[in-house]
$ cat upload-v7.txt   # compact mmCIF, C-alpha atoms
# COMPACT_ATOMS: atom_id res chain seq x y z
CA MET A 30 0.00 0.00 0.00
CA PRO A 31 1.61 3.33 -1.04
CA ARG A 32 2.42 5.86 1.63
CA ILE A 33 0.49 9.11 1.73
CA ASP A 34 2.64 12.06 0.71
CA PRO A 35 3.67 13.84 3.96
CA PHE A 36 2.93 17.31 2.60
CA HIS A 37 -0.58 16.35 1.57
CA ALA A 38 -1.16 14.49 4.84
CA THR A 39 -0.12 17.62 6.74
CA LEU A 40 -2.45 19.67 4.54
CA ALA A 41 -5.31 17.34 5.45
CA ASN A 42 -4.54 17.73 9.15
CA ASN A 43 -4.45 21.50 8.76
CA LEU A 44 -7.77 21.34 6.94
CA LEU A 45 -9.35 19.63 9.93
CA GLN A 46 -8.08 22.25 12.37
CA ASN A 47 -8.97 25.07 9.95
CA VAL A 48 -12.55 23.84 9.78
CA VAL A 49 -12.68 23.78 13.57
CA ASN A 50 -11.33 27.30 13.97
CA PHE A 51 -13.31 28.83 11.12
CA THR A 52 -16.51 27.23 12.37
CA VAL A 53 -16.06 28.64 15.86
CA TRP A 54 -15.19 32.08 14.48
CA PHE A 55 -18.16 32.24 12.09
CA ALA A 56 -20.51 30.81 14.69
CA LEU A 57 -19.39 33.38 17.26
CA VAL A 58 -20.13 36.27 14.87
CA PHE A 59 -23.52 34.84 13.85
CA TRP A 60 -24.49 34.09 17.45
CA ALA A 61 -23.31 37.47 18.79
CA TYR A 62 -25.24 39.40 16.14
CA LEU A 63 -28.42 37.40 16.71
CA GLU A 64 -28.11 37.82 20.49
CA THR A 65 -27.41 41.57 20.44
CA ARG A 66 -28.59 42.75 16.98
CA SER A 67 -25.62 45.12 16.93
CA VAL A 68 -23.02 45.61 14.20
CA PHE A 69 -20.98 47.32 16.91
CA VAL A 70 -20.45 43.89 18.50
CA THR A 71 -19.57 42.19 15.20
CA GLY A 72 -17.17 45.05 14.44
CA MET A 73 -15.50 44.57 17.81
CA ILE A 74 -15.14 40.82 17.17
CA GLY A 75 -13.43 41.57 13.85
CA GLY A 76 -11.21 44.12 15.58
CA ILE A 77 -10.27 41.66 18.33
CA HIS A 78 -9.33 39.07 15.71
CA LEU A 79 -7.12 41.48 13.82
CA LEU A 80 -5.60 42.95 16.97
CA PHE A 81 -4.66 39.52 18.33
CA THR A 82 -3.34 38.44 14.92
CA GLY A 83 -1.04 41.45 14.72
CA ALA A 84 0.02 41.31 18.37
CA PHE A 85 0.99 37.63 18.39
CA ALA A 86 2.30 37.14 14.84
CA ILE A 87 5.97 38.02 15.44
CA TRP A 88 6.08 35.78 18.51
CA PHE A 89 4.34 32.97 16.61
CA GLY A 90 6.87 33.30 13.79
CA SER A 91 9.72 33.06 16.29
CA LEU A 92 8.20 29.91 17.79
CA VAL A 93 8.02 28.35 14.33
CA ASP A 94 11.67 29.18 13.52
CA HIS A 95 12.99 27.92 16.88
CA HIS A 96 11.10 24.62 17.08
CA ARG A 97 10.49 21.60 14.93
CA LYS A 98 7.34 22.10 12.87
CA LYS A 99 5.30 19.11 13.98
CA PRO A 100 5.51 19.77 17.76
CA ILE A 101 4.71 23.46 17.29
CA MET A 102 1.62 22.56 15.22
CA LEU A 103 0.53 20.12 17.92
CA GLY A 104 0.98 22.85 20.52
CA SER A 105 -1.20 25.15 18.44
CA SER A 106 -4.08 22.66 18.42
CA ALA A 107 -3.66 21.93 22.13
CA ALA A 108 -3.87 25.65 22.96
CA SER A 109 -7.04 26.00 20.89
CA LEU A 110 -8.61 23.01 22.61
CA VAL A 111 -7.89 24.35 26.11
CA LEU A 112 -9.20 27.83 25.27
CA TYR A 113 -12.40 26.47 23.71
CA ALA A 114 -12.98 24.35 26.80
CA ALA A 115 -12.50 27.40 29.04
CA ALA A 116 -14.94 29.41 26.88
CA LEU A 117 -17.50 26.63 27.11
CA GLY A 118 -17.16 26.68 30.89
CA VAL A 119 -17.80 30.45 30.96
CA TYR A 120 -20.83 30.00 28.72
CA GLN A 121 -22.29 27.30 30.96
CA ILE A 122 -22.03 29.32 34.18
CA THR A 123 -23.12 32.72 32.78
CA PRO A 124 -26.83 33.65 32.92
CA PRO A 125 -28.27 33.80 29.35
CA GLN A 126 -29.46 37.40 29.72
CA ALA A 127 -25.91 38.57 30.51
CA LEU A 128 -24.69 37.18 27.17
CA GLY A 129 -27.26 39.23 25.27
CA GLU A 130 -26.24 42.63 26.64
CA THR A 131 -23.70 44.67 24.67
CA ALA A 132 -22.17 46.16 27.82
CA SER A 133 -21.90 42.80 29.62
CA LEU A 134 -18.41 41.92 30.91
CA PRO A 135 -19.13 38.15 30.78
CA LEU A 136 -20.05 38.51 27.09
CA TRP A 137 -16.75 40.20 26.24
CA GLY A 138 -14.74 37.82 28.41
CA PHE A 139 -16.37 34.91 26.56
CA ILE A 140 -15.63 36.52 23.17
CA VAL A 141 -11.96 37.07 24.07
CA LEU A 142 -11.50 33.44 25.14
CA VAL A 143 -13.06 32.13 21.94
CA MET A 144 -11.01 34.45 19.74
CA LEU A 145 -7.77 33.47 21.51
CA GLY A 146 -8.59 29.86 20.66
CA VAL A 147 -9.07 30.82 17.01
CA ILE A 148 -5.88 32.91 16.91
CA ALA A 149 -3.79 30.05 18.35
CA GLY A 150 -4.41 28.33 15.01
CA ASN A 151 -2.30 31.00 13.25
CA ILE A 152 0.82 29.19 14.47
CA ARG A 153 -0.16 26.33 12.19
CA MET A 154 -0.56 28.64 9.19
CA ILE A 155 2.93 30.14 9.64
CA ALA A 156 4.42 26.67 10.11
CA LEU A 157 2.67 25.39 6.99
CA ALA A 158 4.15 28.21 4.90
CA THR A 159 7.65 27.18 5.99
CA LEU A 160 6.86 23.50 5.32
CA VAL A 161 6.22 24.41 1.69
CA THR A 162 9.86 25.53 1.53
CA LEU A 163 11.06 22.44 3.43
CA LEU A 164 9.11 19.77 1.56
CA ILE A 165 8.52 21.16 -1.93
CA PRO A 166 11.09 21.81 -4.72
CA PRO A 167 11.40 25.53 -5.59
CA GLU A 168 9.87 25.27 -9.06
CA GLN A 169 6.68 23.76 -7.62
CA ARG A 170 6.14 26.06 -4.63
CA ASP A 171 3.67 28.42 -6.30
CA LYS A 172 1.46 25.44 -7.08
CA ALA A 173 1.86 24.10 -3.53
CA ASN A 174 0.81 27.51 -2.23
CA GLY A 175 -2.26 27.15 -4.41
CA LEU A 176 -3.06 23.90 -2.61
CA VAL A 177 -2.65 25.69 0.71
CA GLY A 178 -5.15 28.28 -0.50
CA MET A 179 -7.49 25.53 -1.62
CA VAL A 180 -7.38 24.02 1.87
CA GLY A 181 -8.42 27.39 3.21
CA GLY A 182 -11.25 27.44 0.69
CA VAL A 183 -12.48 24.01 1.67
CA GLY A 184 -12.39 25.14 5.28
CA PHE A 185 -14.49 28.18 4.45
CA LEU A 186 -16.96 26.11 2.43
CA VAL A 187 -17.51 23.50 5.13
CA THR A 188 -17.60 26.16 7.82
CA SER A 189 -20.06 28.35 5.97
CA ALA A 190 -22.35 25.42 5.28
CA ILE A 191 -22.54 24.27 8.89
CA SER A 192 -22.03 27.38 11.05
CA GLY A 193 -25.45 28.88 10.42
CA PHE A 194 -27.21 25.59 11.06
CA LEU A 195 -25.17 24.91 14.20
CA VAL A 196 -26.05 28.33 15.60
CA ALA A 197 -29.72 27.88 14.69
CA TRP A 198 -29.67 24.44 16.34
CA ASP A 199 -27.77 25.06 19.57
CA GLY A 200 -26.45 28.61 19.68
CA ILE A 201 -22.72 28.84 20.34
CA ARG A 202 -22.56 25.82 22.66
CA GLY A 203 -22.76 23.17 19.92
CA PRO A 204 -19.89 24.63 17.84
CA LEU A 205 -17.67 24.78 20.94
CA VAL A 206 -18.36 21.16 21.87
CA LEU A 207 -17.59 20.01 18.33
CA ALA A 208 -14.45 22.18 18.23
CA ILE A 209 -13.08 20.52 21.35
CA GLY A 210 -13.68 17.04 19.94
CA PHE A 211 -12.21 17.67 16.50
CA SER A 212 -9.20 19.55 17.87
CA ALA A 213 -8.43 16.42 19.86
CA LEU A 214 -8.72 14.38 16.66
CA ALA A 215 -6.21 16.65 14.88
CA ILE A 216 -3.80 16.20 17.80
CA VAL A 217 -4.09 12.41 17.58
CA HIS A 218 -3.61 12.32 13.80
CA LEU A 219 -0.61 14.62 13.26
CA PRO A 220 2.02 12.39 14.97
CA LEU A 221 1.13 9.67 12.44
CA VAL A 222 2.38 11.89 9.59
CA ARG A 223 6.08 11.17 9.04
CA PHE A 224 8.61 13.53 7.46
CA ASP A 225 12.13 14.73 8.24
CA ASP A 226 11.60 17.48 10.83
CA PRO A 227 15.11 18.65 11.82
CA VAL A 228 15.88 20.67 14.91
CA PRO A 229 16.38 24.27 13.69
CA ASP A 230 19.89 25.68 13.93
CA THR A 231 18.45 28.77 15.60
CA ALA A 232 17.39 26.62 18.56
CA THR A 233 21.01 25.90 19.49
CA GLU A 234 22.65 29.30 19.00
CA CYS A 235 24.14 30.11 22.44
CA GLY A 236 21.19 28.29 23.97
CA ARG A 237 18.89 31.21 23.16
CA LYS A 238 15.68 31.32 21.18
CA ALA A 239 15.28 35.05 20.72
CA ILE A 240 12.64 36.68 18.57
CA ASP A 241 15.42 38.89 17.11
CA LEU A 242 13.11 41.51 15.60
CA ARG A 243 16.08 43.68 14.62
CA GLY A 244 17.67 40.87 12.61
CA THR A 245 14.35 40.10 10.93
CA ILE A 246 13.95 43.73 9.89
CA ARG A 247 17.49 43.65 8.43
CA VAL A 248 16.55 40.59 6.34
CA VAL A 249 13.43 42.33 5.02
CA ALA A 250 15.30 45.59 4.35
CA ALA A 251 18.01 43.74 2.39
CA VAL A 252 15.49 42.85 -0.34
CA PRO A 253 14.64 45.94 -2.43
CA GLY A 254 10.90 46.59 -2.44
CA LEU A 255 10.01 43.94 0.16
CA PHE A 256 9.00 46.51 2.75
CA ALA A 257 6.78 48.12 0.11
CA LEU A 258 5.04 44.77 -0.53
CA ILE A 259 4.33 44.41 3.18
CA LEU A 260 3.12 48.01 3.33
CA PHE A 261 0.81 47.43 0.36
CA ALA A 262 -0.66 44.38 2.04
CA THR A 263 -1.06 46.45 5.21
CA PHE A 264 -3.20 49.07 3.47
CA ASN A 265 -5.06 46.29 1.67
CA ASN A 266 -5.91 44.69 5.00
CA LEU A 267 -6.79 48.10 6.42
CA LEU A 268 -9.59 48.29 3.87
CA GLY A 269 -10.36 44.59 4.27
CA GLY A 270 -11.10 45.20 7.95
CA VAL A 271 -14.26 46.99 6.82
CA PHE A 272 -15.55 43.79 5.27
CA MET A 273 -14.66 41.71 8.31
CA ALA A 274 -16.58 44.10 10.54
CA LEU A 275 -19.71 44.57 8.43
CA MET A 276 -20.18 41.71 5.96
CA ASP A 277 -22.13 39.44 8.29
CA GLY A 278 -24.36 42.28 9.43
CA TYR A 279 -25.13 43.17 5.81
CA GLY A 280 -25.75 39.59 4.76
CA LEU A 281 -27.99 38.88 7.73
CA SER A 282 -29.99 42.02 6.93
CA LEU A 283 -30.97 40.44 3.60
CA MET A 284 -31.51 36.79 4.58
CA SER A 285 -31.79 34.31 7.44
CA VAL A 286 -28.73 32.96 9.23
CA GLU A 287 -29.19 29.55 7.57
CA ASP A 288 -29.38 31.10 4.08
CA TRP A 289 -26.44 33.38 4.77
CA GLY A 290 -24.36 30.39 5.85
CA LEU A 291 -25.32 28.52 2.67
CA LEU A 292 -24.45 31.52 0.51
CA TRP A 293 -21.00 31.67 2.10
CA ALA A 294 -20.63 27.94 1.48
CA LEU A 295 -21.44 28.34 -2.22
CA ALA A 296 -19.18 31.38 -2.54
CA SER A 297 -16.37 29.48 -0.83
CA GLY A 298 -16.47 27.04 -3.73
CA ALA A 299 -14.72 29.80 -5.68
CA PHE A 300 -11.90 29.62 -3.12
CA ILE A 301 -11.46 25.94 -3.96
CA VAL A 302 -11.62 26.52 -7.72
CA SER A 303 -9.00 29.24 -7.33
CA GLY A 304 -6.69 26.88 -5.46
CA VAL A 305 -7.11 24.22 -8.14
CA VAL A 306 -6.28 26.73 -10.88
CA ILE A 307 -3.13 27.89 -9.08
CA ALA A 308 -2.07 24.30 -8.34
CA ARG A 309 -2.38 23.43 -12.04
CA VAL A 310 -0.97 26.49 -13.82
CA GLY A 311 0.91 28.39 -11.10
CA LEU A 312 1.17 32.17 -10.86
CA GLY A 313 3.25 32.89 -13.93
CA ARG A 314 6.78 34.23 -14.08
CA ARG A 315 5.82 37.51 -12.37
CA PRO A 316 3.79 36.69 -9.25
CA LEU A 317 3.85 40.31 -8.04
CA ARG A 318 2.11 41.45 -11.22
CA THR A 319 -0.46 38.72 -10.65
CA LEU A 320 -0.98 39.96 -7.09
CA LEU A 321 -1.75 43.52 -8.21
CA LEU A 322 -3.98 42.46 -11.11
CA VAL A 323 -6.19 40.29 -8.92
CA ASN A 324 -6.38 43.05 -6.33
CA LEU A 325 -7.58 45.48 -8.99
CA VAL A 326 -10.35 43.12 -10.05
CA ALA A 327 -11.38 42.31 -6.46
CA TRP A 328 -11.58 45.94 -5.35
CA SER A 329 -13.51 46.93 -8.47
CA ALA A 330 -16.08 44.26 -7.62
CA ALA A 331 -16.11 45.40 -3.99
CA SER A 332 -17.13 48.90 -5.04
CA LEU A 333 -20.16 47.59 -6.94
CA PHE A 334 -21.60 44.52 -5.22
CA THR A 335 -23.76 46.51 -2.77
CA ILE A 336 -24.82 49.18 -5.27
CA GLN A 337 -28.37 47.75 -4.95
CA PRO A 338 -29.94 45.61 -2.17
CA SER A 339 -29.66 42.41 -4.18
CA ILE A 340 -28.81 38.93 -2.97
CA ALA A 341 -27.58 38.11 -6.49
CA LEU A 342 -25.12 41.03 -6.43
CA LEU A 343 -24.03 40.07 -2.92
CA ALA A 344 -23.39 36.50 -4.04
CA ALA A 345 -21.44 37.66 -7.12
CA GLY A 346 -19.29 39.96 -4.99
CA CYS A 347 -18.52 37.17 -2.52
CA VAL A 348 -17.59 34.77 -5.35
CA ILE A 349 -15.21 37.27 -6.97
CA TRP A 350 -13.63 38.13 -3.62
CA MET A 351 -13.17 34.45 -2.75
CA PHE A 352 -11.80 33.48 -6.17
CA PHE A 353 -9.08 36.10 -6.35
CA GLY A 354 -8.05 36.09 -2.68
CA PRO A 355 -5.88 32.93 -2.90
CA PHE A 356 -3.99 34.36 -5.90
CA ALA A 357 -2.89 37.36 -3.86
CA GLU A 358 -1.98 35.25 -0.83
CA ALA A 359 -0.07 32.66 -2.88
CA ALA A 360 1.81 35.38 -4.78
CA GLU A 361 3.02 37.02 -1.57
CA GLN A 362 4.03 33.69 -0.02
CA THR A 363 5.83 32.53 -3.16
CA THR A 364 7.81 35.78 -3.23
CA LEU A 365 8.82 35.52 0.43
CA GLN A 366 9.76 31.84 0.11
CA ARG A 367 12.12 32.72 -2.73
CA VAL A 368 13.84 35.84 -1.44
CA VAL A 369 14.04 35.08 2.33
CA PRO A 370 16.47 32.50 3.83
CA PHE A 371 14.66 29.42 5.14
CA GLU A 372 15.97 29.75 8.70
CA ARG A 373 14.36 33.20 8.89
CA GLN A 374 11.10 32.49 7.10
CA GLY A 375 8.96 31.87 10.18
CA ARG A 376 9.95 35.21 11.68
CA VAL A 377 9.58 37.06 8.37
CA PHE A 378 6.15 35.52 7.77
CA GLY A 379 5.23 36.45 11.33
CA PHE A 380 6.64 39.96 10.94
CA ALA A 381 4.75 40.45 7.68
CA GLN A 382 1.54 39.18 9.25
CA SER A 383 2.00 41.44 12.26
CA VAL A 384 2.68 44.58 10.22
CA GLU A 385 -0.01 43.81 7.67
CA GLN A 386 -2.60 43.46 10.42
CA ALA A 387 -1.38 46.43 12.47
CA ALA A 388 -3.80 48.97 11.01
CA SER A 389 -6.75 46.62 10.52
CA PRO A 390 -7.90 46.58 14.17
CA LEU A 391 -8.25 50.36 13.99
CA THR A 392 -10.52 49.96 10.97
CA ALA A 393 -12.57 47.18 12.51
CA PHE A 394 -12.90 48.94 15.86
CA LEU A 395 -13.89 52.22 14.21
CA ILE A 396 -16.05 50.98 11.38
CA GLY A 397 -18.65 49.27 13.59
CA PRO A 398 -19.44 52.45 15.56
CA LEU A 399 -19.17 54.60 12.41
CA ALA A 400 -21.58 52.38 10.54
CA GLN A 401 -23.95 52.13 13.50
CA PHE A 402 -23.98 55.80 14.47
CA VAL A 403 -23.05 57.66 11.25
CA ALA A 404 -23.57 55.72 8.01
CA ILE A 405 -26.83 54.01 9.00
CA PRO A 406 -28.53 57.24 10.20
CA PHE A 407 -27.11 59.04 7.13
CA MET A 408 -28.91 56.61 4.82
CA THR A 409 -32.03 56.21 6.96
CA THR A 410 -33.26 59.70 7.87
CA GLY A 411 -30.21 61.85 7.06
CA ALA A 412 -28.92 63.77 4.05
CA GLY A 413 -27.78 60.64 2.23
CA ALA A 414 -31.31 59.26 2.14
CA GLU A 415 -32.51 62.50 0.55
CA MET A 416 -29.66 62.83 -1.97
CA ILE A 417 -29.26 59.26 -3.30
CA GLY A 418 -31.94 57.27 -1.50
CA GLY A 419 -34.22 57.36 -4.54
CA TRP A 420 -32.01 55.00 -6.52
CA PHE A 421 -29.55 53.64 -3.92
CA GLY A 422 -32.18 52.78 -1.32
CA THR A 423 -32.63 53.79 2.30
CA GLY A 424 -32.40 52.06 5.64
CA ALA A 425 -29.80 50.41 7.86
CA ASP A 426 -28.60 47.95 5.21
CA ARG A 427 -28.04 50.77 2.71
CA GLY A 428 -25.88 52.61 5.22
CA ILE A 429 -23.64 49.54 5.43
CA ALA A 430 -23.75 49.23 1.63
CA LEU A 431 -22.47 52.79 1.18
CA VAL A 432 -19.46 52.02 3.37
CA PHE A 433 -18.64 49.03 1.13
CA CYS A 434 -18.86 51.13 -2.05
CA ILE A 435 -16.51 53.80 -0.72
CA THR A 436 -14.05 51.21 0.59
CA GLY A 437 -13.91 49.45 -2.80
CA LEU A 438 -13.08 52.71 -4.58
CA PHE A 439 -10.23 53.37 -2.14
CA GLY A 440 -8.90 49.88 -2.90
CA VAL A 441 -8.87 50.53 -6.64
CA VAL A 442 -6.92 53.78 -6.18
CA LEU A 443 -4.41 52.05 -3.86
CA THR A 444 -3.76 49.24 -6.35
CA LEU A 445 -3.27 51.59 -9.29
CA GLY A 446 -0.77 53.55 -7.21
CA ALA A 447 1.14 50.36 -6.39
CA PHE A 448 1.34 49.42 -10.08
CA ALA A 449 3.03 52.75 -10.84
CA SER A 450 5.48 52.57 -7.93
CA ARG A 451 9.25 52.15 -8.09
CA SER A 452 9.13 49.56 -5.29
CA TYR A 453 7.01 47.25 -7.45
CA ARG A 454 9.67 47.28 -10.17
CA GLN A 455 12.50 46.79 -7.66
CA LEU A 456 10.96 43.75 -5.98
CA SER A 457 10.04 42.20 -9.32
CA ASP A 458 13.69 42.51 -10.38
CA ALA A 459 14.90 41.09 -7.04
CA TYR A 460 12.59 38.08 -7.39
CA ALA A 461 13.85 37.40 -10.92
CA ALA A 462 17.49 37.69 -9.80
CA VAL A 463 17.30 35.01 -7.08
CA PRO A 464 18.17 31.48 -8.28
CA GLY A 465 15.31 29.05 -7.80
CA ASP A 466 17.28 26.56 -5.70
CA GLY A 467 16.24 27.31 -2.13
CA PRO A 468 16.32 24.67 0.62
CA HIS A 469 13.86 21.83 0.34
CA LEU A 470 13.39 18.22 1.34
CA MET A 471 12.31 15.97 -1.48
CA ARG A 472 9.25 13.97 -0.58
CA GLU A 473 9.66 10.24 -0.20
$ encode --input "upload-v7.txt" --output "structure tokens"
Amino acid sequence: MPRIDPFHATLANNLLQNVVNFTVWFALVFWAYLETRSVFVTGMIGGIHLLFTGAFAIWFGSLVDHHRKKPIMLGSSAASLVLYAAALGVYQITPPQALGETASLPLWGFIVLVMLGVIAGNIRMIALATLVTLLIPPEQRDKANGLVGMVGGVGFLVTSAISGFLVAWDGIRGPLVLAIGFSALAIVHLPLVRFDDPVPDTATECGRKAIDLRGTIRVVAAVPGLFALILFATFNNLLGGVFMALMDGYGLSLMSVEDWGLLWALASGAFIVSGVVIARVGLGRRPLRTLLLVNLVAWSAASLFTIQPSIALLAAGCVIWMFFGPFAEAAEQTTLQRVVPFERQGRVFGFAQSVEQAASPLTAFLIGPLAQFVAIPFMTTGAGAEMIGGWFGTGADRGIALVFCITGLFGVVLTLGAFASRSYRQLSDAYAAVPGDGPHLMRE
């Protein structure tokens, strides 16, 4: 009986944990909105996610560089399991009415515990990016990154299909119970996957395992244009924080939680198709150009998909966003895997993730209150309703829609500016100049 390829077996294990974490995250947002009926709360949840991602990313990257990959991935799942169990305990002992009040401390304590469990899974994602370098030959890494994106898409599809039904069936309790069980299953399965997992050299340097932020910054600065790529992704995520904060509120204003979950499931199919396309044809010889082109298309769609209160337009916008997202992610990862030394990749991936998410919490924290107290009144009884309400529509959902339209236009302008920049040309030249023979371990 042939052995299962270790890279694909690890992908499957990551898929299981991704489904767990995505399901809990989606279910928390759905449940919190239905309990409080407040986009302020959903905006805060998005902000907490982005804040924790940025705050922990550099440390997570250091952990990945200083430890063997399999144990650090197991530790990630174990941390998620413990945090989900703690959140379930808080849920069980808290009176139901306290969890439905926006100003309730138990509600926010519960949300923080759940989100910490979700964020612990980011260690796995950083480790998986470095495993692509370790296990895959250089000329095939863009396609392997496409498979990684496809795994994310499958996770979104499964999550979207079940989260709404789980919340409708048993609130947030059912998703937490299932998350605990399946996290345990991922922990049991991963040790059965066998591949050469050497002790990193950085773990034995003078007995120290420092984060070494200064050295990581020097590595990034040594590649012309790499800081600009990270900065571009930062502004991209700044605008993306708007969608994280408001998308569920907008979708649930047009349909039931079950239908919204199914729509996300169908849209997530585009994520899978995108991963398949990348895995088959790659990203081309100029992945940075691919990154900017797909961003231009995605932001153009984002400026139009809420132009009318239409479920069809909403679905089309979600499909376009899901299809092109993996191209951008794979292009950035492929670039970093080529121009950054392997022993530094965990910290550089963590640094990039931290910087890229640094501004997003500000957006997510601000956009919920701005939508709730400015945009929604503006398009309900304010000047916006009088000026454009005749064709754009009026009401709370149209206030959210206006925020999406403006955000999409900003994204288009940002991408066009990046195309014309000197940094784009410099990093493209640097990528082309690096020989494609980075470190890898051929699969058995």
$ axis_aligned_box --input "upload-v7.txt" --around "segment 100-106 of chain A" --padding-each-side "5 Å" --output "AutoDock Vina command-line options"
--center_x 0.7 --center_y 22.5 --center_z 17.9 --size_x 19.6 --size_y 15.4 --size_z 15.3
$ residues_around --input "upload-v7.txt" --residues "Gly175 of chain A" --least-positions-apart "5" --cutoff "8 Å" --atoms "only C-alpha atoms" --output "list in words"
Ser303, Gly304, Val305, Val306, Ile307, Ala308, Gly311, Pro355, Phe356 and Ala359 of chain A
$ closest_residue --input "upload-v7.txt" --among "A:Met179, A:Leu57, A:Ile152, A:Leu343" --to "Val93 of chain A" --atoms "only C-alpha atoms"
A:Ile152
$ residues_around --input "upload-v7.txt" --residues "Ser450 of chain A" --least-positions-apart "5" --cutoff "12 Å" --atoms "only C-alpha atoms" --output "compact mmCIF listing (two decimals) with C-alpha atoms, keeping the file's coordinate frame"
# COMPACT_ATOMS: atom_id res chain seq x y z
CA GLY A 254 10.90 46.59 -2.44
CA ALA A 257 6.78 48.12 0.11
CA LEU A 258 5.04 44.77 -0.53
CA PHE A 261 0.81 47.43 0.36
CA LEU A 321 -1.75 43.52 -8.21
CA LEU A 443 -4.41 52.05 -3.86
CA THR A 444 -3.76 49.24 -6.35
CA LEU A 445 -3.27 51.59 -9.29
CA GLN A 455 12.50 46.79 -7.66
CA LEU A 456 10.96 43.75 -5.98
CA SER A 457 10.04 42.20 -9.32
$ residues_around --input "upload-v7.txt" --residues "Leu157 of chain A" --least-positions-apart "2" --cutoff "9 Å" --atoms "all atoms listed in the file" --output "list in words"
Thr39, Leu40, Asn43, Lys98, Met102, Ile152, Arg153, Met154, Ile155, Thr159, Leu160, Val161 and Val177 of chain A
$ write_last_selection --input "upload-v7.txt" --atoms "C-alpha atoms" --output "compact mmCIF listing (two decimals), in the frame of the given file"
# COMPACT_ATOMS: atom_id res chain seq x y z
CA THR A 39 -0.12 17.62 6.74
CA LEU A 40 -2.45 19.67 4.54
CA ASN A 43 -4.45 21.50 8.76
CA LYS A 98 7.34 22.10 12.87
CA MET A 102 1.62 22.56 15.22
CA ILE A 152 0.82 29.19 14.47
CA ARG A 153 -0.16 26.33 12.19
CA MET A 154 -0.56 28.64 9.19
CA ILE A 155 2.93 30.14 9.64
CA THR A 159 7.65 27.18 5.99
CA LEU A 160 6.86 23.50 5.32
CA VAL A 161 6.22 24.41 1.69
CA VAL A 177 -2.65 25.69 0.71
$ closest_residue --input "upload-v7.txt" --among "A:Thr162, A:Thr71, A:Ser297, A:Thr65" --to "Ala127 of chain A" --atoms "all atoms listed in the file"
A:Thr65
$ closest_residue --input "upload-v7.txt" --among "A:Tyr453, A:Phe194, A:Trp293, A:Phe433" --to "Leu275 of chain A" --atoms "all atoms listed in the file"
A:Phe433
$ closest_residue --input "upload-v7.txt" --among "A:Ala86, A:Ile148, A:Ala61, A:Val68" --to "Ala400 of chain A" --atoms "only C-alpha atoms"
A:Val68
$ atom_distance --input "upload-v7.txt" --atom1 "atom CA of Phe334 of chain A" --atom2 "atom CA of Phe300 of chain A"
17.9 Å
$ residues_around --input "upload-v7.txt" --residues "Ala215 of chain A" --least-positions-apart "5" --cutoff "9 Å" --atoms "all atoms listed in the file" --output "ChimeraX atom specification"
/A:42-43,45-46,103,106
$ atom_distance --input "upload-v7.txt" --atom1 "atom CA of Asp225 of chain A" --atom2 "atom CA of His96 of chain A"
13.3 Å
$ atom_distance --input "upload-v7.txt" --atom1 "atom CA of Ile405 of chain A" --atom2 "atom CA of Leu431 of chain A"
9.0 Å
$ closest_residue --input "upload-v7.txt" --among "A:Asn50, A:Thr364, A:Ser452, A:Asn151" --to "Ala84 of chain A" --atoms "only C-alpha atoms"
A:Asn151
$ residues_around --input "upload-v7.txt" --residues "Ile340 of chain A" --least-positions-apart "6" --cutoff "12 Å" --atoms "only C-alpha atoms" --output "PDB file with C-alpha atoms, in the frame of the given file"
ATOM      1  CA  TYR A 279     -25.130  43.170   5.810  1.00  0.00           C
ATOM      2  CA  GLY A 280     -25.750  39.590   4.760  1.00  0.00           C
ATOM      3  CA  LEU A 281     -27.990  38.880   7.730  1.00  0.00           C
ATOM      4  CA  SER A 282     -29.990  42.020   6.930  1.00  0.00           C
ATOM      5  CA  LEU A 283     -30.970  40.440   3.600  1.00  0.00           C
ATOM      6  CA  MET A 284     -31.510  36.790   4.580  1.00  0.00           C
ATOM      7  CA  SER A 285     -31.790  34.310   7.440  1.00  0.00           C
ATOM      8  CA  ASP A 288     -29.380  31.100   4.080  1.00  0.00           C
ATOM      9  CA  TRP A 289     -26.440  33.380   4.770  1.00  0.00           C
ATOM     10  CA  LEU A 292     -24.450  31.520   0.510  1.00  0.00           C
ATOM     11  CA  TRP A 293     -21.000  31.670   2.100  1.00  0.00           C
ATOM     12  CA  PHE A 334     -21.600  44.520  -5.220  1.00  0.00           C
ATOM     13  CA  GLY A 346     -19.290  39.960  -4.990  1.00  0.00           C
ATOM     14  CA  CYS A 347     -18.520  37.170  -2.520  1.00  0.00           C
TER      15      CYS A 347
END
$ closest_residue --input "upload-v7.txt" --among "A:Gly375, A:Leu207, A:Gln362, A:Glu287" --to "Gly178 of chain A" --atoms "all atoms listed in the file"
A:Gln362
